[in-house]
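Following: one structure in structure tokens, then a few remarks.
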Amino acid sequence: MTSTENTPMDGTDTQSTHQVQVKFTTRHPDIAVPTAPILVPANLKRYGLSQIINHLLDTSTAIPFEFLVNGSFLRTSIERYLSDNGLSSESVLTLEYVRAIIPPKFQAAFQHDDWVSSVSVERESKRILSGSYDGIVRVWNESAQCLYTGVGHTDVVKTAKWMSATKSVSAGMDRGLRIWEVDGESIGEENSEIFALAELVGHRGTVEKISVDSSSGRVLSAGMDSLVGFWTTNISEASKTPKEAPVPRAKRRKETSTGPPRYGPLRMLEGHTSPVSAVVFDPKDSTVGYSISWDHTIRTWDLATYSLVDTRTTQHPLLSVCVLPKLSLLACGSAARHITLHDPRVSASTVTTSTLRGHTNAVVALSPNKSSEWQMVSASHDGTLRIWDVRATESGSIWTIKREGEGLSGKEKVFDVEWSSLGIVSGGEDKRVQIDDSPKGE
């Protein structure tokens with residue numbers, strides 16, 4: 001048994017001097033220490049425990065760590081934790097340690113003429129695609145210059161995504177999906193106007209969200225008509241518009257007499273009994289898609305055969321979804337203000353594996369951190385973004401990001417968020433695209 005009693009430690013609760021056995025574990029081989037239990041002072045808190053790990057690693061520069069125990073971050077001394085949870089000081093306490101997260105910082109904000117409903121960041125160029133309630137799709141660079149404006153939607157744009165470095169897709173309250181293309185190399189004059197290459201029609205209600213698969217050129221759409229649309233952006237593969245296809249609705253802006261050519265879906269998928277809120281491709285298999293709905297269900301689709309293969313019923317209307325691919329989990333935001341984690345595999349025995357609580361209004365967007373399988377960010381109508389570590393389901397969010405800018409009440413709804421190579425990008429009721437740095441650390 002190893003002891004640290006001769007090592008001076010700060011970050012202690014000075015009311016106790018006895019020792020307890022602790023076993024340190026981590027999922028990161030580059031910072032792993034021996035897993036044999038050691039004796040540490042029971043009055044140690046996070047900082048003192050972090051000093052022990054740095055001592056065992058013999059680091060030249062101290063690394064701050066956080067400690068997880070039974071699904072929560074340790075926020076008290078070890079002795080207080082044992083007492084609060086009715087545990088014996090004679091037992092071995094297993095602590096999982098991770099690099100501590102440095103808080104995100106506000107970076108920039110881009111002003112729009114109306115509410116910003118959707119954001120998407122192109123991975124290589126870091127251009128930002130935004131959709132707005134004014135019916136316009138815009139492309140921005142990092143310097144807040146609007147490079148392109150996409151004109152053609154006849155009502156509110158609810159969702160827009162990059163398909164590739166030059167191609168994007170948008171949709172909204174006019175019921176149609178539009179395919180856009182911009183120059184990937186040279187840039188023309190600032191705020192150049194572009195027009196859609198094609199329009200995809202088939203929904204009979206607002207398209208709330210889309211998901212794109214760049215490798216196949218496929219798109220999933222979530223409709224207020226309770227349908228899931230499945231489309232291709234490869235025009236040579238697209239079907240001709242059926243005669244009975246609904247005509248996109250015109251409300252705010254008359255369309256030009258020569259609009260883009262229209263194409264129909266690969267298939268409209270039926271099954272939901274209420275509006276479909278969001279859709280997402282499985283990152284590991286683009287022939288699998290997931291949809292969530294106001295009917296409380298999560299549905300899994302085999303897109304190769306256009307068939308429904310699984311339905312999971314939850315307790316609340318679902319509004320947002322993202323995949324945590326390395327964990328094989330779906331995260332779903334609900335109208336009940338919380339986020340639930342689900343195992344979508346047909347063999348899974350339970351519907352919900354964990355619940356994350358902290359938001360005070362509907363959770364309307366989720367985005368995973370592609371650099372960490374454990375982290376994601378959520379956007380809510382409570383006016384905040386929250387960053388989560390799904391290993392600590394009992395601790396609440398790690399950080400809360402608020403809207404920045406003069407004249408804001410702090411209650412402006414956030415409609416969308418993406419954790420991207422540029423940072424955490426969001427849009428909302430404040431008519432701004434906001435960029436916050438990604439938290440540094442884990």
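Order determines the names: the first chain of the structure tokens is A, the second B, and so forth; residues in each chain are numbered 1 upward, and ligands are numbered 1 upward as they are shown.
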Problem set entry | Spatial neighbours of Leu220 of chain A, 8 Å, only C-alpha atoms, chain gap at least 2 places, as a PyMOL selection string | chain A and resi 210-212+218+222+228-231+279-281+289
Hey, could you make a per-residue contact list for segment 338-431 of chain A against segment 302-321 of chain A with 9 Å as the cut-off, showing the nearest pair of atoms and its distance in Å to one decimal, counting only C-alpha atoms, sorted by chain and number, as a Markdown table?
| residue | atom | partner | partner_atom | distance |
| --- | --- | --- | --- | --- |
| A:Pro344 | CA | A:Arg312 | CA | 8.2 |
| A:Arg345 | CA | A:Asp310 | CA | 8.6 |
| A:Val346 | CA | A:Asp310 | CA | 6.6 |
| A:Val351 | CA | A:Arg312 | CA | 6.4 |
| A:Thr352 | CA | A:Thr314 | CA | 7.7 |
| A:Ala362 | CA | A:Leu319 | CA | 7.8 |
| A:Val363 | CA | A:Leu319 | CA | 6.8 |
| A:Val364 | CA | A:Ser320 | CA | 5.2 |
| A:Ala365 | CA | A:Ser320 | CA | 5.1 |
| A:Leu366 | CA | A:Val321 | CA | 6.0 |
| A:Ser367 | CA | A:Val321 | CA | 8.1 |
Exercise. What gap, in Å, lies between atom CA of Leu56 of chain A and atom CA of Pro34 of chain A?
Worked result: 8.5 Å
Exercise. DSSP on the backbone: what in segment 186-374 of chain A comes out strand (DSSP E or B), as a PyMOL selection string?
Worked result: chain A and resi 192-194+198-200+207-213+218-223+228-232+239-240+262-264+267-269+276-282+285-293+297-302+307-313+318-324+329-334+339-342+354-356+363-368
Problem set entry | Distance criterion (only C-alpha atoms): nearest to Arg391 of chain A out of A:Pro260, A:Gly405, A:Gly71, A:Gly86 |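 Among the listed residues, A:Gly71 lies closest to Arg391 of chain A.
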Exercise. Any idea what the distance is between atom CA of Ser438 of chain A and atom CA of Asn191 of chain A?
Worked result: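 The value is 28.0 Å.
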Problem set entry | Nearest to Gly176 of chain A, chosen from A:Pro41, A:Pro103, A:Gly264, A:Gly217, with only C-alpha atoms counted in the distances |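 Closest to Gly176 of chain A, using only C-alpha atoms: A:Gly264.
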For this session: Write out as JSON, numbers by chain the residues lying within 8 Å of segment 371-373 of chain A, counting only C-alpha atoms and excluding same-chain residues fewer than 2 positions away.
Result: {"A": [324, 325, 326, 327, 368, 369, 375, 442]}
Problem set entry | Exercise: His153 of chain A partners within 7 Å, only C-alpha atoms, chain neighbours under 2 positions left out, as a list in words |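 The filter keeps Gly135, Ile136, Val151, Asp155 and Asp174 of chain A.
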For this session: Would you list the contacts of Trp294 of chain A as a list of chain:residue names, taking every protein, DNA or RNA residue within 10 Å and counting only C-alpha atoms, but skipping same-chain residues closer than 4 positions in sequence?
Result: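 Surrounding residues, per the criterion: A:Met224, A:Ser226, A:His272, A:Thr273, A:Ser274, A:Pro275, A:Val276, A:Ser277, A:Ala278, A:Ile298, A:His316, A:Pro317, A:Leu318, A:Leu319, A:Ser334, A:Ala335.
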Write the residues of the selection above to a file with all heavy atoms, as a compact mmCIF listing (two decimals), in the first residue's frame.
# COMPACT_ATOMS: atom_id res chain seq x y z
N MET A 224 -43.38 19.01 -40.26
CA MET A 224 -44.53 19.21 -39.39
C MET A 224 -45.74 18.41 -39.88
O MET A 224 -46.75 18.31 -39.18
CB MET A 224 -44.88 20.70 -39.33
CG MET A 224 -43.85 21.56 -38.61
SD MET A 224 -43.71 21.16 -36.86
CE MET A 224 -45.23 21.92 -36.26
N SER A 226 -45.70 15.31 -40.11
CA SER A 226 -45.46 14.00 -39.50
C SER A 226 -44.70 13.05 -40.41
O SER A 226 -44.63 11.84 -40.12
CB SER A 226 -46.78 13.34 -39.05
OG SER A 226 -47.48 14.16 -38.17
N HIS A 272 -44.64 8.35 -37.91
CA HIS A 272 -44.93 9.24 -36.79
C HIS A 272 -46.39 9.69 -36.83
O HIS A 272 -46.99 9.79 -37.90
CB HIS A 272 -44.01 10.46 -36.83
CG HIS A 272 -42.61 10.18 -36.39
ND1 HIS A 272 -42.28 9.88 -35.09
CD2 HIS A 272 -41.44 10.14 -37.10
CE1 HIS A 272 -40.96 9.67 -35.00
NE2 HIS A 272 -40.44 9.82 -36.20
N THR A 273 -46.92 9.96 -35.65
CA THR A 273 -48.32 10.37 -35.53
C THR A 273 -48.46 11.84 -35.14
O THR A 273 -49.58 12.32 -34.96
CB THR A 273 -49.04 9.50 -34.49
OG1 THR A 273 -48.36 9.60 -33.24
CG2 THR A 273 -49.05 8.04 -34.93
N SER A 274 -47.35 12.53 -35.00
CA SER A 274 -47.33 13.97 -34.69
C SER A 274 -46.15 14.59 -35.44
O SER A 274 -45.34 13.87 -36.04
CB SER A 274 -47.18 14.20 -33.18
OG SER A 274 -48.32 13.77 -32.48
N PRO A 275 -46.03 15.92 -35.44
CA PRO A 275 -44.93 16.56 -36.16
C PRO A 275 -43.57 15.97 -35.80
O PRO A 275 -43.29 15.65 -34.65
CB PRO A 275 -45.02 18.02 -35.70
CG PRO A 275 -46.48 18.22 -35.44
CD PRO A 275 -46.95 16.93 -34.85
N VAL A 276 -42.73 15.82 -36.83
CA VAL A 276 -41.36 15.34 -36.65
C VAL A 276 -40.48 16.54 -36.34
O VAL A 276 -40.49 17.54 -37.08
CB VAL A 276 -40.86 14.60 -37.90
CG1 VAL A 276 -39.46 14.04 -37.65
CG2 VAL A 276 -41.82 13.48 -38.29
N SER A 277 -39.74 16.47 -35.24
CA SER A 277 -38.95 17.61 -34.77
C SER A 277 -37.55 17.66 -35.35
O SER A 277 -37.02 18.74 -35.63
CB SER A 277 -38.84 17.57 -33.24
OG SER A 277 -40.09 17.37 -32.64
N ALA A 278 -36.92 16.49 -35.49
CA ALA A 278 -35.52 16.46 -35.93
C ALA A 278 -35.18 15.09 -36.48
O ALA A 278 -35.84 14.09 -36.17
CB ALA A 278 -34.59 16.82 -34.77
N ILE A 298 -38.79 7.85 -30.64
CA ILE A 298 -37.56 7.81 -31.42
C ILE A 298 -37.73 6.65 -32.41
O ILE A 298 -38.02 5.52 -32.00
CB ILE A 298 -36.33 7.53 -30.54
CG1 ILE A 298 -36.22 8.55 -29.41
CG2 ILE A 298 -35.06 7.49 -31.38
CD1 ILE A 298 -35.23 8.14 -28.33
N HIS A 316 -41.88 12.25 -22.98
CA HIS A 316 -42.16 13.65 -23.31
C HIS A 316 -41.99 13.90 -24.81
O HIS A 316 -41.31 13.14 -25.51
CB HIS A 316 -41.21 14.58 -22.54
CG HIS A 316 -41.25 14.40 -21.06
ND1 HIS A 316 -42.28 14.90 -20.29
CD2 HIS A 316 -40.40 13.78 -20.20
CE1 HIS A 316 -42.06 14.59 -19.01
NE2 HIS A 316 -40.93 13.92 -18.93
N PRO A 317 -42.60 14.98 -25.32
CA PRO A 317 -42.32 15.39 -26.70
C PRO A 317 -40.84 15.69 -26.89
O PRO A 317 -40.22 16.35 -26.05
CB PRO A 317 -43.17 16.67 -26.86
CG PRO A 317 -44.23 16.56 -25.82
CD PRO A 317 -43.60 15.85 -24.67
N LEU A 318 -40.28 15.19 -27.99
CA LEU A 318 -38.86 15.35 -28.26
C LEU A 318 -38.65 16.42 -29.33
O LEU A 318 -39.38 16.47 -30.32
CB LEU A 318 -38.26 14.03 -28.72
CG LEU A 318 -38.40 12.87 -27.71
CD1 LEU A 318 -37.86 11.58 -28.31
CD2 LEU A 318 -37.70 13.19 -26.40
N LEU A 319 -37.61 17.26 -29.14
CA LEU A 319 -37.42 18.42 -30.00
C LEU A 319 -36.07 18.44 -30.72
O LEU A 319 -35.92 19.15 -31.71
CB LEU A 319 -37.56 19.71 -29.18
CG LEU A 319 -38.85 19.88 -28.38
CD1 LEU A 319 -38.80 21.19 -27.61
CD2 LEU A 319 -40.06 19.84 -29.29
N SER A 334 -35.79 17.63 -24.95
CA SER A 334 -37.24 17.51 -24.85
C SER A 334 -37.92 18.82 -24.50
O SER A 334 -37.29 19.80 -24.08
CB SER A 334 -37.61 16.47 -23.78
OG SER A 334 -37.48 17.01 -22.48
N ALA A 335 -39.25 18.81 -24.66
CA ALA A 335 -40.06 19.96 -24.25
C ALA A 335 -40.13 20.06 -22.73
O ALA A 335 -40.54 21.09 -22.20
CB ALA A 335 -41.47 19.82 -24.82
For this session: For segment 160-172 of chain A, please output as a PyMOL selection string all residues within 8 Å (counting only C-alpha atoms; exclusion window: fewer than 3 positions along the same chain).
Result: chain A and resi 118-125+129-131+137+153+155-157+175-184+206-214+217
Problem set entry | helix (DSSP H, G or I) residues, from DSSP on the backbone, in segment 176-422 of chain A, as a ChimeraX atom specification | /A:235-237,325-327
May I have the residues from that selection written out with C-alpha atoms, as a PDB file, in the first residue's frame?
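Result went into out_36.pdb, see below:
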ATOM      1  CA  ILE A 235     -29.654  15.773 -59.478  1.00  0.00           C
ATOM      2  CA  SER A 236     -28.959  12.922 -61.907  1.00  0.00           C
ATOM      3  CA  GLU A 237     -30.395  10.523 -59.289  1.00  0.00           C
ATOM      4  CA  PRO A 325     -21.051   7.757 -32.130  1.00  0.00           C
ATOM      5  CA  LYS A 326     -18.259   6.264 -30.026  1.00  0.00           C
ATOM      6  CA  LEU A 327     -20.722   5.639 -27.201  1.00  0.00           C
TER       7      LEU A 327
END
For this session: Record the distance separating atom CA of Ala196 of chain A and atom CA of Asp114 of chain A, expressed in Å with one decimal.
Result: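 Atom CA of Ala196 of chain A sits 21.0 Å away from atom CA of Asp114 of chain A.
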